[in-house]
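A.B. asks: Just dropping this structure here.
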Amino acid sequence: MALLPLGLIFFDAMTGRLSVNPIQELILRTGKPALVLLIASLACTPLNVLFGWKWIMAARKPLGLYSFGYIVLHLFLFVVVDYSLDLGLISQAVREKRYVLAGMAAFLLLVPLALTSNGAAMRKLGRWWRRLHRLVYLAAILAVLHYLWLAKVIREPVIYGVILLALLALRLPIIRRTLLRRT
């Protein structure tokens, strides 16, 4: 399922169904699944805690890694295809466009998480692994800000932001305990 958006992109590209600005469309169509999959990966733990869905925990890491894959493709399209690796233009975009800065910051926070999403890294980092992987929360907030600042119509990014805030709130011990008592 995580590769479905990519399959649709290829199908639309092969059948000439991309918009008049295909680069911009491809950037958007890789960014949105990246955000959706990132938020879905963050939803796994609260769903397990609240509903006892232990099976969903097995999906958390693949969802995060698929999200990172879309992020890498999203960044590749922006840096290589749209900006032609022109470091001057890229650094200007980072300085002048706050949505680019937020997106780059989110990406840089997610790189070490993707690189350490394996058993060997978990063993080597020990308790520091969990602390390192808490950066995902900040990265997700930055990703939502990236989309919010980029969007011309803010309804959809606000919805993602509300979902993210709800998922983050569910991680607060007082809220988690209150909800667990009621269920």
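Numbering starts fresh at 1 for the residues of each chain in the structure tokens, the chains themselves are lettered A, B, ... in the order given, and ligands are numbered from 1 as they appear.
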With only C-alpha atoms as the counted atoms, please give the residues lying no more than 12 Å from Ile159 (chain A), apart from itself and same-chain residues fewer than 3 positions off, as an MDAnalysis selection string.

C.D. replies: chainID A and resid 35:36 39 144:145 147:148 153:156 162:166

A.B. asks: Would you pick out the contacts of Ala40 (chain A) at 8 Å or less, using only C-alpha atoms, so that residues sharing its chain but fewer than 4 positions from it are not included, and give the list as a PDB file with C-alpha atoms, in the first residue's frame?

C.D. replies:
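Now in part_13.pdb:
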```pdb
ATOM      1  CA  VAL A  36       0.935  10.720   5.603  1.00  0.00           C
ATOM      2  CA  CYS A  44       1.066   3.012  15.743  1.00  0.00           C
ATOM      3  CA  ARG A  60       5.729   1.285  12.598  1.00  0.00           C
ATOM      4  CA  LEU A  63       5.907   3.064   7.605  1.00  0.00           C
TER       5      LEU A  63
END
```

A.B. asks: To one decimal place in Å, what is the distance between CA of Ala140 (chain A) and CA of Leu125 (chain A)?

C.D. replies: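 A separation of 22.5 Å between them.
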
A.B. asks: CA of Gln24 (chain A) and CA of Val80 (chain A), how far apart in Å?

C.D. replies: 12.7 Å

A.B. asks: Between A:Leu179, A:Leu47, A:Val94, A:Leu38, which has the minimum distance to Ile71 (chain A) (counting only C-alpha atoms)?

C.D. replies: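 Using only C-alpha atoms, the shortest distance to Ile71 (chain A) belongs to A:Leu38.
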
A.B. asks: Could you tell me how far CA of Phe68 (chain A) lies from CA of Ala143 (chain A), in Å and to one decimal?

C.D. replies: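 Going from CA of Phe68 (chain A) over to CA of Ala143 (chain A) covers 11.7 Å.
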
A.B. asks: Can you pull out every residue within 10 Å of Thr45 (chain A), counting only C-alpha atoms, but drop anything in the same chain fewer than 2 positions away, and send it as a list in words?

C.D. replies: Ala40, Ser41, Leu42, Ala43, Leu47, Asn48, Val49, Leu50, Phe51, Gly52, Trp53, Lys54, Ile56, Met57, Arg60, Leu167, Leu170 and Arg171 of chain A

A.B. asks: Would you please work out which residue, of A:Leu108, A:Leu75, A:Val100, A:Leu87, is nearest to Gly31 (chain A) when using only C-alpha atoms?

C.D. replies: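 The answer is A:Leu75, which sits nearest to Gly31 (chain A).
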
A.B. asks: Just the residues within 10 Å of Ala105 (chain A), please, counting only C-alpha atoms, with nothing from its chain fewer than 6 positions along; format it as a list in words.

C.D. replies: Val94, Tyr99, Leu138, Ala139, Leu142, Ala143 and His146 of chain A

A.B. asks: Please save all heavy atoms of the selected residues as a CSV table (one decimal), in the first residue's frame.

C.D. replies:
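File produced: selection23.csv:
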```
chain,number,residue,atom,x,y,z
A,94,VAL,N,16.6,28.2,0.7
A,94,VAL,CA,16.6,27.9,2.1
A,94,VAL,C,16.5,29.2,2.9
A,94,VAL,O,15.8,29.2,3.9
A,94,VAL,CB,17.8,27.0,2.5
A,94,VAL,CG1,17.9,26.9,4.0
A,94,VAL,CG2,17.7,25.6,1.8
A,99,TYR,N,9.3,27.6,4.2
A,99,TYR,CA,8.9,26.3,4.0
A,99,TYR,C,10.0,25.4,3.6
A,99,TYR,O,10.1,24.2,4.0
A,99,TYR,CB,7.7,26.2,3.1
A,99,TYR,CG,8.0,26.5,1.6
A,99,TYR,CD1,8.4,25.5,0.8
A,99,TYR,CD2,7.8,27.8,1.1
A,99,TYR,CE1,8.7,25.8,-0.6
A,99,TYR,CE2,8.0,28.0,-0.2
A,99,TYR,CZ,8.5,27.0,-1.0
A,99,TYR,OH,8.7,27.3,-2.4
A,138,LEU,N,9.8,16.1,16.5
A,138,LEU,CA,10.2,17.4,16.0
A,138,LEU,C,10.2,17.5,14.5
A,138,LEU,O,9.7,18.4,13.9
A,138,LEU,CB,11.6,17.9,16.6
A,138,LEU,CG,12.1,19.2,16.1
A,138,LEU,CD1,11.1,20.3,16.4
A,138,LEU,CD2,13.5,19.5,16.7
A,139,ALA,N,10.7,16.4,13.9
A,139,ALA,CA,10.7,16.3,12.5
A,139,ALA,C,9.3,16.3,11.9
A,139,ALA,O,9.0,17.0,10.9
A,139,ALA,CB,11.4,15.0,12.0
A,142,LEU,N,7.9,19.8,12.1
A,142,LEU,CA,8.6,20.6,11.0
A,142,LEU,C,8.0,20.3,9.6
A,142,LEU,O,7.8,21.1,8.8
A,142,LEU,CB,10.1,20.4,11.0
A,142,LEU,CG,10.8,21.1,12.1
A,142,LEU,CD1,12.3,20.6,12.2
A,142,LEU,CD2,10.8,22.6,12.0
A,143,ALA,N,7.7,19.0,9.4
A,143,ALA,CA,7.1,18.6,8.1
A,143,ALA,C,5.7,19.2,8.0
A,143,ALA,O,5.4,19.6,6.9
A,143,ALA,CB,7.0,17.0,8.1
A,146,HIS,N,6.2,22.8,7.2
A,146,HIS,CA,6.7,22.8,5.8
A,146,HIS,C,5.5,22.9,4.8
A,146,HIS,O,5.4,23.7,4.0
A,146,HIS,CB,7.6,21.6,5.5
A,146,HIS,CG,7.9,21.4,4.1
A,146,HIS,ND1,8.8,22.2,3.4
A,146,HIS,CD2,7.5,20.4,3.2
A,146,HIS,CE1,8.9,21.8,2.1
A,146,HIS,NE2,8.2,20.7,2.0
```

A.B. asks: Run DSSP on the backbone and grab whatever in chain A lands in alpha helix (DSSP H); send it over as a PyMOL selection string.

C.D. replies: chain A and resi 4-14+22-51+57-76+87-96+98-115+119-125+127-133+135-150+155-169+173-182

A.B. asks: Which of these residues is nearest to Tyr66 (chain A), using only C-alpha atoms: A:Leu168, A:Val136, A:Val79, A:Leu6?

C.D. replies: A:Leu6

A.B. asks: Name the residues in contact with region 88-92 of chain A at a cut-off of 9 Å, using only C-alpha atoms, excluding same-chain residues fewer than 4 positions from it; report them as a ChimeraX atom specification.

C.D. replies: /A:78-79,83,96-97

A.B. asks: Convert the current residue selection to file output with N, CA and C atoms, as an mmCIF file, in the first residue's frame.

C.D. replies:
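Contents of selection.cif, as written:
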```
data_model
loop_
_atom_site.group_PDB
_atom_site.id
_atom_site.type_symbol
_atom_site.label_atom_id
_atom_site.label_comp_id
_atom_site.auth_asym_id
_atom_site.auth_seq_id
_atom_site.Cartn_x
_atom_site.Cartn_y
_atom_site.Cartn_z
ATOM 1 N N PHE A 78 13.270 18.164 -5.812
ATOM 2 C CA PHE A 78 13.468 19.589 -5.542
ATOM 3 C C PHE A 78 14.887 20.030 -5.884
ATOM 4 N N VAL A 79 15.883 19.298 -5.367
ATOM 5 C CA VAL A 79 17.286 19.717 -5.495
ATOM 6 C C VAL A 79 17.849 19.435 -6.888
ATOM 7 N N TYR A 83 15.927 22.376 -9.156
ATOM 8 C CA TYR A 83 16.991 23.365 -8.972
ATOM 9 C C TYR A 83 18.311 22.972 -9.640
ATOM 10 N N GLU A 96 15.389 32.211 1.906
ATOM 11 C CA GLU A 96 14.256 33.086 1.624
ATOM 12 C C GLU A 96 12.889 32.445 1.816
ATOM 13 N N LYS A 97 12.821 31.149 1.746
ATOM 14 C CA LYS A 97 11.517 30.479 1.823
ATOM 15 C C LYS A 97 11.479 29.626 3.077
#
```

A.B. asks: Using only C-alpha atoms, which of A:Gly64, A:Pro5, A:Gly126, A:Gly119 sits nearest Arg29 (chain A)?

C.D. replies: A:Pro5

A.B. asks: Let me make sure I understand: among A:Met104, A:Ala59, A:Leu26, A:Arg98, which one has the smallest atom-to-atom distance to Val81 (chain A) if we use only C-alpha atoms?

C.D. replies: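 Selected residue with least distance to Val81 (chain A): A:Leu26.
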